[in-house]
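What follows is a single structure, written as structure tokens, with notes after it.
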Amino acid sequence: GVEITALPGACAAVTAISASGLPSRRFCFEGFLPENNRERRERIEELSREKRTFILYISPHDIEDYLAELASALNDRKCVLAKELTKLHERYFRGTVGELAERFKALTPSEKKGEFVMTIEGCSEEEAFWKEMSVEEHVEHYMSLGLSKMDACKAAARDRGVGKGE
């Protein structure tokens, strides 16, 4: 119940993660998601397996759509959406990705304006979806997302921490 704010710095990402309360020992900065739909879906799929807390920048005109897309892959992950950091109308939205996607549908257009920084917790070891799959199933999963066989092999190899030849 204690309100927390961060001191302004030169980087909104660092300000956001320091005030998020999410694990910050190791984190990664992703910046803006790709505008291309296919590329954005692929990036979100990659991020669903990221073990570190990660940070996204989201523009106000994309916020509702991107939250819905992120919720489909990261629904139960804890996250904090920071709006207008270090400014008069600074605000933090906390919950799961799915909860924030629902909450944003109810906001007025003026409440959806501003600069947004989203901090999302990384996946746990148990969440690594591919651990229950054979290598063949793992590659087929990526091919079903539209990746070529070569790119699917590379993605599966990256997940498993092995070379693509293996």
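Note on naming: chains are A, B, ... as they come in the structure tokens, residues start from 1 per chain, ligands start from 1 in the order shown.
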Notebook entry, point to check: as a PyMOL selection string, which residues of region 115-148 of chain A does DSSP assign to strand (DSSP E)?
Noted result: chain A and resi 116-120
Next item on the list: Give me the residues within 12 Å of His141 (chain A) as a PyMOL selection string, counting only C-alpha atoms and dropping any in the same chain fewer than 4 places off.
Entry: chain A and resi 45+129-130+133-137+145-149+151-153+155-156
Note to self: Between A:Phe29, A:Tyr92, A:Phe54, A:Tyr66, which residue has the minimum interatomic distance to Glu3 (chain A), considering only C-alpha atoms?
What the structure shows: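 The closest residue to Glu3 (chain A) is A:Tyr92.
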Note to self: Set the distance at 8 Å and use only C-alpha atoms: which residues neighbour Glu84 (chain A) once local chain neighbours fewer than 4 positions away are removed? I'd like the list as a ChimeraX atom specification.
What the structure shows: /A:88-91,114-116
Convert the current residue selection to file output with all heavy atoms, as a short mmCIF file (atom, residue, chain, number, x, y, z; two decimals), in the first residue's frame.
data_model
loop_
_atom_site.label_atom_id
_atom_site.label_comp_id
_atom_site.auth_asym_id
_atom_site.auth_seq_id
_atom_site.Cartn_x
_atom_site.Cartn_y
_atom_site.Cartn_z
N LEU A 88 4.26 15.03 -14.55
CA LEU A 88 3.19 15.36 -13.63
C LEU A 88 2.16 14.24 -13.50
O LEU A 88 1.68 13.94 -12.41
CB LEU A 88 2.50 16.66 -14.07
CG LEU A 88 1.34 17.15 -13.21
CD1 LEU A 88 1.83 17.47 -11.80
CD2 LEU A 88 0.70 18.38 -13.84
N HIS A 89 1.80 13.60 -14.60
CA HIS A 89 0.75 12.58 -14.59
C HIS A 89 1.32 11.15 -14.60
O HIS A 89 0.71 10.24 -15.14
CB HIS A 89 -0.21 12.79 -15.77
CG HIS A 89 -0.89 14.11 -15.71
ND1 HIS A 89 -1.86 14.40 -14.77
CD2 HIS A 89 -0.73 15.23 -16.45
CE1 HIS A 89 -2.28 15.64 -14.94
NE2 HIS A 89 -1.61 16.18 -15.96
N GLU A 90 2.49 10.97 -13.97
CA GLU A 90 3.10 9.64 -13.87
C GLU A 90 2.13 8.68 -13.20
O GLU A 90 1.46 9.02 -12.24
CB GLU A 90 4.38 9.74 -13.03
CG GLU A 90 5.07 8.42 -12.80
CD GLU A 90 6.34 8.59 -11.99
OE1 GLU A 90 7.30 9.20 -12.50
OE2 GLU A 90 6.36 8.12 -10.84
N ARG A 91 2.07 7.46 -13.78
CA ARG A 91 1.14 6.48 -13.24
C ARG A 91 1.67 5.07 -13.52
O ARG A 91 2.30 4.84 -14.54
CB ARG A 91 -0.22 6.66 -13.92
CG ARG A 91 -1.32 5.84 -13.34
CD ARG A 91 -2.66 6.30 -13.85
NE ARG A 91 -3.68 5.39 -13.35
CZ ARG A 91 -4.89 5.31 -13.83
NH1 ARG A 91 -5.26 6.09 -14.82
NH2 ARG A 91 -5.76 4.47 -13.33
N GLY A 114 0.08 9.17 -23.90
CA GLY A 114 1.32 9.31 -23.14
C GLY A 114 2.35 8.29 -23.56
O GLY A 114 2.12 7.46 -24.43
N GLU A 115 3.49 8.37 -22.92
CA GLU A 115 4.59 7.44 -23.20
C GLU A 115 4.47 6.27 -22.24
O GLU A 115 4.31 6.46 -21.04
CB GLU A 115 5.92 8.15 -23.00
CG GLU A 115 6.12 9.33 -23.94
CD GLU A 115 7.34 10.17 -23.58
OE1 GLU A 115 8.01 9.85 -22.57
OE2 GLU A 115 7.60 11.12 -24.29
N PHE A 116 4.57 5.04 -22.77
CA PHE A 116 4.42 3.84 -21.95
C PHE A 116 5.69 3.00 -21.97
O PHE A 116 6.30 2.80 -23.02
CB PHE A 116 3.26 2.97 -22.46
CG PHE A 116 1.91 3.59 -22.26
CD1 PHE A 116 1.32 4.34 -23.27
CD2 PHE A 116 1.24 3.43 -21.07
CE1 PHE A 116 0.07 4.91 -23.09
CE2 PHE A 116 -0.01 4.00 -20.87
CZ PHE A 116 -0.61 4.74 -21.89
#
Next item on the list: Report the distance between CA of Cys79 (chain A) and CA of Arg94 (chain A) in Å, rounded to one decimal place.
Entry: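 Computing the Euclidean distance for CA of Cys79 (chain A) and CA of Arg94 (chain A) yields 6.1 Å.
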Give the helix (DSSP H, G or I) residues of region 13-158 of chain A, as assigned by DSSP on the backbone, as a compact mmCIF listing (two decimals) with N, CA, C and O atoms, in the first residue's frame.
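And here's part-v9.txt as it stands now:
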# COMPACT_ATOMS: atom_id res chain seq x y z
N ALA A 13 13.77 3.14 -19.37
CA ALA A 13 13.77 1.70 -19.10
C ALA A 13 14.31 1.41 -17.71
O ALA A 13 13.72 0.62 -16.95
N VAL A 14 15.39 2.04 -17.32
CA VAL A 14 15.98 1.81 -16.01
C VAL A 14 15.08 2.39 -14.92
O VAL A 14 14.89 1.77 -13.87
N THR A 15 14.50 3.55 -15.17
CA THR A 15 13.57 4.13 -14.21
C THR A 15 12.39 3.19 -14.00
O THR A 15 11.98 2.93 -12.88
N ALA A 16 11.86 2.64 -15.10
CA ALA A 16 10.69 1.75 -15.01
C ALA A 16 11.02 0.48 -14.24
O ALA A 16 10.24 0.06 -13.38
N ILE A 17 12.13 -0.15 -14.54
CA ILE A 17 12.43 -1.41 -13.85
C ILE A 17 12.76 -1.18 -12.38
O ILE A 17 12.42 -2.00 -11.54
N SER A 18 13.36 -0.05 -12.06
CA SER A 18 13.69 0.20 -10.66
C SER A 18 12.43 0.43 -9.83
O SER A 18 12.41 0.11 -8.64
N ALA A 19 11.37 0.92 -10.43
CA ALA A 19 10.12 1.17 -9.71
C ALA A 19 9.12 0.02 -9.86
O ALA A 19 8.10 0.01 -9.19
N SER A 20 9.43 -0.96 -10.71
CA SER A 20 8.45 -2.02 -11.01
C SER A 20 8.27 -3.03 -9.88
O SER A 20 7.20 -3.61 -9.73
N ASN A 37 3.13 -7.17 -38.54
CA ASN A 37 2.37 -8.13 -37.73
C ASN A 37 3.10 -9.45 -37.52
O ASN A 37 3.17 -9.97 -36.41
N ARG A 38 3.62 -10.03 -38.59
CA ARG A 38 4.30 -11.32 -38.50
C ARG A 38 5.56 -11.21 -37.65
O ARG A 38 5.81 -12.04 -36.77
N GLU A 39 6.34 -10.18 -37.89
CA GLU A 39 7.57 -9.98 -37.12
C GLU A 39 7.25 -9.75 -35.64
O GLU A 39 7.96 -10.24 -34.76
N ARG A 40 6.17 -9.00 -35.37
CA ARG A 40 5.80 -8.73 -33.98
C ARG A 40 5.36 -10.03 -33.30
O ARG A 40 5.76 -10.29 -32.17
N ARG A 41 4.56 -10.87 -33.97
CA ARG A 41 4.15 -12.15 -33.39
C ARG A 41 5.35 -13.03 -33.09
O ARG A 41 5.43 -13.67 -32.04
N GLU A 42 6.32 -13.06 -34.01
CA GLU A 42 7.53 -13.85 -33.80
C GLU A 42 8.32 -13.33 -32.61
O GLU A 42 8.83 -14.11 -31.80
N ARG A 43 8.43 -12.00 -32.50
CA ARG A 43 9.17 -11.42 -31.38
C ARG A 43 8.48 -11.73 -30.06
O ARG A 43 9.12 -12.09 -29.07
N ILE A 44 7.16 -11.64 -30.02
CA ILE A 44 6.42 -11.95 -28.80
C ILE A 44 6.60 -13.43 -28.45
O ILE A 44 6.77 -13.77 -27.27
N GLU A 45 6.60 -14.29 -29.46
CA GLU A 45 6.85 -15.72 -29.22
C GLU A 45 8.23 -15.92 -28.60
O GLU A 45 8.40 -16.69 -27.65
N GLU A 46 9.24 -15.22 -29.12
CA GLU A 46 10.58 -15.30 -28.54
C GLU A 46 10.59 -14.81 -27.10
O GLU A 46 11.19 -15.42 -26.22
N LEU A 47 9.92 -13.69 -26.88
CA LEU A 47 9.88 -13.12 -25.53
C LEU A 47 9.15 -14.02 -24.54
O LEU A 47 9.44 -13.98 -23.34
N ILE A 63 -1.09 0.85 -27.85
CA ILE A 63 -1.16 0.25 -26.52
C ILE A 63 -2.23 -0.83 -26.37
O ILE A 63 -1.96 -1.93 -25.92
N GLU A 64 -3.45 -0.55 -26.78
CA GLU A 64 -4.54 -1.52 -26.57
C GLU A 64 -4.34 -2.79 -27.41
O GLU A 64 -4.48 -3.90 -26.92
N ASP A 65 -3.98 -2.62 -28.69
CA ASP A 65 -3.76 -3.78 -29.56
C ASP A 65 -2.58 -4.61 -29.10
O ASP A 65 -2.64 -5.85 -29.07
N TYR A 66 -1.49 -3.95 -28.74
CA TYR A 66 -0.30 -4.69 -28.32
C TYR A 66 -0.53 -5.41 -27.00
O TYR A 66 -0.04 -6.52 -26.80
N LEU A 67 -1.26 -4.79 -26.09
CA LEU A 67 -1.58 -5.47 -24.83
C LEU A 67 -2.38 -6.75 -25.09
O LEU A 67 -2.13 -7.78 -24.48
N ALA A 68 -3.31 -6.69 -26.03
CA ALA A 68 -4.10 -7.88 -26.37
C ALA A 68 -3.20 -8.96 -26.95
O ALA A 68 -3.32 -10.14 -26.60
N GLU A 69 -2.27 -8.59 -27.83
CA GLU A 69 -1.35 -9.56 -28.42
C GLU A 69 -0.42 -10.15 -27.36
O GLU A 69 -0.17 -11.36 -27.35
N LEU A 70 0.10 -9.30 -26.49
CA LEU A 70 0.98 -9.78 -25.43
C LEU A 70 0.22 -10.70 -24.47
O LEU A 70 0.76 -11.70 -24.02
N ALA A 71 -1.03 -10.37 -24.19
CA ALA A 71 -1.83 -11.19 -23.28
C ALA A 71 -2.04 -12.59 -23.84
O ALA A 71 -2.09 -13.57 -23.08
N SER A 72 -2.16 -12.71 -25.16
CA SER A 72 -2.39 -14.04 -25.73
C SER A 72 -1.19 -14.96 -25.51
O SER A 72 -1.35 -16.17 -25.41
N ALA A 73 0.01 -14.40 -25.38
CA ALA A 73 1.22 -15.22 -25.17
C ALA A 73 1.71 -15.20 -23.73
O ALA A 73 2.36 -16.14 -23.28
N LEU A 74 1.42 -14.13 -23.01
CA LEU A 74 2.01 -13.92 -21.68
C LEU A 74 0.96 -13.64 -20.61
O LEU A 74 1.24 -12.95 -19.63
N VAL A 97 -0.35 -9.48 -17.39
CA VAL A 97 -0.52 -8.93 -18.74
C VAL A 97 -1.99 -8.99 -19.13
O VAL A 97 -2.55 -8.03 -19.66
N GLY A 98 -2.64 -10.13 -18.85
CA GLY A 98 -4.06 -10.28 -19.18
C GLY A 98 -4.94 -9.28 -18.45
O GLY A 98 -5.87 -8.70 -19.03
N GLU A 99 -4.65 -9.06 -17.16
CA GLU A 99 -5.44 -8.09 -16.39
C GLU A 99 -5.29 -6.68 -16.95
O GLU A 99 -6.27 -5.94 -17.07
N LEU A 100 -4.06 -6.32 -17.31
CA LEU A 100 -3.86 -4.97 -17.85
C LEU A 100 -4.52 -4.81 -19.21
O LEU A 100 -5.04 -3.74 -19.52
N ALA A 101 -4.51 -5.86 -20.02
CA ALA A 101 -5.18 -5.80 -21.33
C ALA A 101 -6.67 -5.52 -21.13
O ALA A 101 -7.25 -4.69 -21.84
N GLU A 102 -7.28 -6.19 -20.16
CA GLU A 102 -8.70 -5.96 -19.87
C GLU A 102 -8.93 -4.57 -19.30
O GLU A 102 -9.88 -3.89 -19.67
N ARG A 103 -8.07 -4.15 -18.38
CA ARG A 103 -8.23 -2.84 -17.75
C ARG A 103 -8.14 -1.71 -18.76
O ARG A 103 -8.86 -0.72 -18.69
N PHE A 104 -7.24 -1.86 -19.76
CA PHE A 104 -7.06 -0.79 -20.74
C PHE A 104 -8.25 -0.63 -21.66
O PHE A 104 -8.47 0.44 -22.20
N LYS A 105 -9.03 -1.68 -21.85
CA LYS A 105 -10.23 -1.56 -22.69
C LYS A 105 -11.21 -0.56 -22.08
O LYS A 105 -11.95 0.10 -22.80
N PRO A 109 -10.07 7.46 -23.95
CA PRO A 109 -8.97 7.76 -24.89
C PRO A 109 -7.89 8.67 -24.30
O PRO A 109 -6.72 8.46 -24.54
N SER A 110 -8.28 9.64 -23.48
CA SER A 110 -7.27 10.53 -22.90
C SER A 110 -6.38 9.79 -21.90
O SER A 110 -5.22 10.14 -21.72
N GLU A 111 -6.91 8.75 -21.24
CA GLU A 111 -6.11 7.98 -20.30
C GLU A 111 -5.11 7.06 -21.01
O GLU A 111 -4.18 6.57 -20.39
N LYS A 112 -5.33 6.83 -22.30
CA LYS A 112 -4.44 5.97 -23.08
C LYS A 112 -3.34 6.77 -23.78
O LYS A 112 -2.52 6.21 -24.49
N GLU A 125 11.52 -21.76 -15.37
CA GLU A 125 11.99 -22.98 -16.03
C GLU A 125 10.81 -23.86 -16.43
O GLU A 125 10.81 -24.47 -17.48
N GLU A 126 9.77 -23.91 -15.59
CA GLU A 126 8.62 -24.74 -15.86
C GLU A 126 7.85 -24.26 -17.08
O GLU A 126 7.16 -25.01 -17.74
N GLU A 127 7.95 -22.96 -17.37
CA GLU A 127 7.21 -22.39 -18.49
C GLU A 127 7.82 -22.70 -19.84
O GLU A 127 7.17 -22.50 -20.86
N PHE A 129 8.03 -24.13 -22.74
CA PHE A 129 7.05 -25.02 -23.35
C PHE A 129 7.67 -26.23 -24.03
O PHE A 129 7.10 -27.30 -24.07
N TRP A 130 8.84 -26.09 -24.56
CA TRP A 130 9.43 -27.11 -25.42
C TRP A 130 10.02 -28.28 -24.65
O TRP A 130 10.33 -29.31 -25.23
N LYS A 131 10.17 -28.15 -23.36
CA LYS A 131 10.81 -29.22 -22.59
C LYS A 131 10.06 -30.55 -22.68
O LYS A 131 10.65 -31.60 -22.55
N GLU A 132 8.77 -30.49 -22.90
CA GLU A 132 7.97 -31.71 -23.01
C GLU A 132 7.92 -32.23 -24.44
O GLU A 132 7.32 -33.26 -24.71
N VAL A 135 12.45 -33.13 -30.32
CA VAL A 135 13.08 -32.15 -31.20
C VAL A 135 12.22 -31.93 -32.44
O VAL A 135 12.01 -30.78 -32.87
N GLU A 136 11.68 -33.01 -32.99
CA GLU A 136 10.84 -32.89 -34.19
C GLU A 136 9.60 -32.06 -33.91
O GLU A 136 9.23 -31.19 -34.71
N GLU A 137 8.95 -32.29 -32.77
CA GLU A 137 7.76 -31.52 -32.40
C GLU A 137 8.11 -30.05 -32.18
O GLU A 137 7.35 -29.16 -32.54
N HIS A 138 9.27 -29.84 -31.61
CA HIS A 138 9.74 -28.48 -31.35
C HIS A 138 9.90 -27.72 -32.66
O HIS A 138 9.43 -26.59 -32.81
N VAL A 139 10.56 -28.33 -33.65
CA VAL A 139 10.75 -27.70 -34.96
C VAL A 139 9.40 -27.50 -35.65
O VAL A 139 9.14 -26.43 -36.21
N GLU A 140 8.53 -28.51 -35.58
CA GLU A 140 7.20 -28.39 -36.20
C GLU A 140 6.40 -27.25 -35.58
O GLU A 140 5.64 -26.57 -36.28
N HIS A 141 6.56 -27.04 -34.29
CA HIS A 141 5.87 -25.92 -33.62
C HIS A 141 6.24 -24.60 -34.28
O HIS A 141 5.37 -23.80 -34.60
N TYR A 142 7.53 -24.39 -34.49
CA TYR A 142 7.96 -23.13 -35.10
C TYR A 142 7.52 -23.03 -36.56
O TYR A 142 7.16 -21.96 -37.03
N MET A 143 7.51 -24.14 -37.25
CA MET A 143 7.04 -24.12 -38.64
C MET A 143 5.55 -23.78 -38.70
O MET A 143 5.11 -23.07 -39.61
N SER A 144 4.78 -24.20 -37.70
CA SER A 144 3.35 -23.88 -37.67
C SER A 144 3.12 -22.38 -37.44
O SER A 144 2.05 -21.87 -37.74
N LYS A 149 11.74 -24.06 -42.54
CA LYS A 149 12.33 -25.19 -41.81
C LYS A 149 13.68 -24.81 -41.22
O LYS A 149 13.98 -25.14 -40.07
N MET A 150 14.49 -24.07 -41.98
CA MET A 150 15.81 -23.66 -41.48
C MET A 150 15.68 -22.74 -40.26
O MET A 150 16.35 -22.93 -39.26
N ASP A 151 14.78 -21.73 -40.35
CA ASP A 151 14.59 -20.81 -39.23
C ASP A 151 13.99 -21.53 -38.02
O ASP A 151 14.32 -21.21 -36.87
N ALA A 152 13.10 -22.50 -38.28
CA ALA A 152 12.52 -23.27 -37.18
C ALA A 152 13.60 -24.10 -36.48
O ALA A 152 13.61 -24.19 -35.25
N CYS A 153 14.52 -24.67 -37.25
CA CYS A 153 15.63 -25.43 -36.66
C CYS A 153 16.51 -24.51 -35.82
O CYS A 153 16.94 -24.88 -34.72
N LYS A 154 16.79 -23.33 -36.34
CA LYS A 154 17.62 -22.37 -35.60
C LYS A 154 16.94 -21.97 -34.28
O LYS A 154 17.59 -21.89 -33.24
N ALA A 155 15.62 -21.72 -34.34
CA ALA A 155 14.89 -21.31 -33.13
C ALA A 155 14.88 -22.43 -32.10
O ALA A 155 15.10 -22.19 -30.91
N ALA A 156 14.63 -23.66 -32.54
CA ALA A 156 14.62 -24.80 -31.62
C ALA A 156 16.01 -25.01 -31.01
O ALA A 156 16.14 -25.28 -29.82
N ALA A 157 17.04 -24.86 -31.83
CA ALA A 157 18.41 -25.02 -31.34
C ALA A 157 18.73 -23.94 -30.30
O ALA A 157 19.34 -24.22 -29.27
N ARG A 158 18.30 -22.71 -30.57
CA ARG A 158 18.53 -21.60 -29.63
C ARG A 158 17.84 -21.89 -28.30
O ARG A 158 18.42 -21.71 -27.23
Notebook entry, point to check: How many Å lie between CA of Asn75 (chain A) and CA of Lys87 (chain A), rounded to one decimal?
Noted result: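 We find that CA of Asn75 (chain A) and CA of Lys87 (chain A) lie 29.0 Å from each other.
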Note to self: Between A:Ala12, A:Ile120, A:Leu81, A:Ala106, which residue has the minimum interatomic distance to Cys28 (chain A), considering only C-alpha atoms?
What the structure shows: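 Nearest to Cys28 (chain A): A:Ile120.
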Item checked: Counting only C-alpha atoms, the residue of A:Arg49, A:Glu121, A:Val80, A:Leu7 that sits nearest Arg25 (chain A) ->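 Ranking A:Arg49, A:Glu121, A:Val80, A:Leu7 by distance to Arg25 (chain A), first place goes to A:Glu121.
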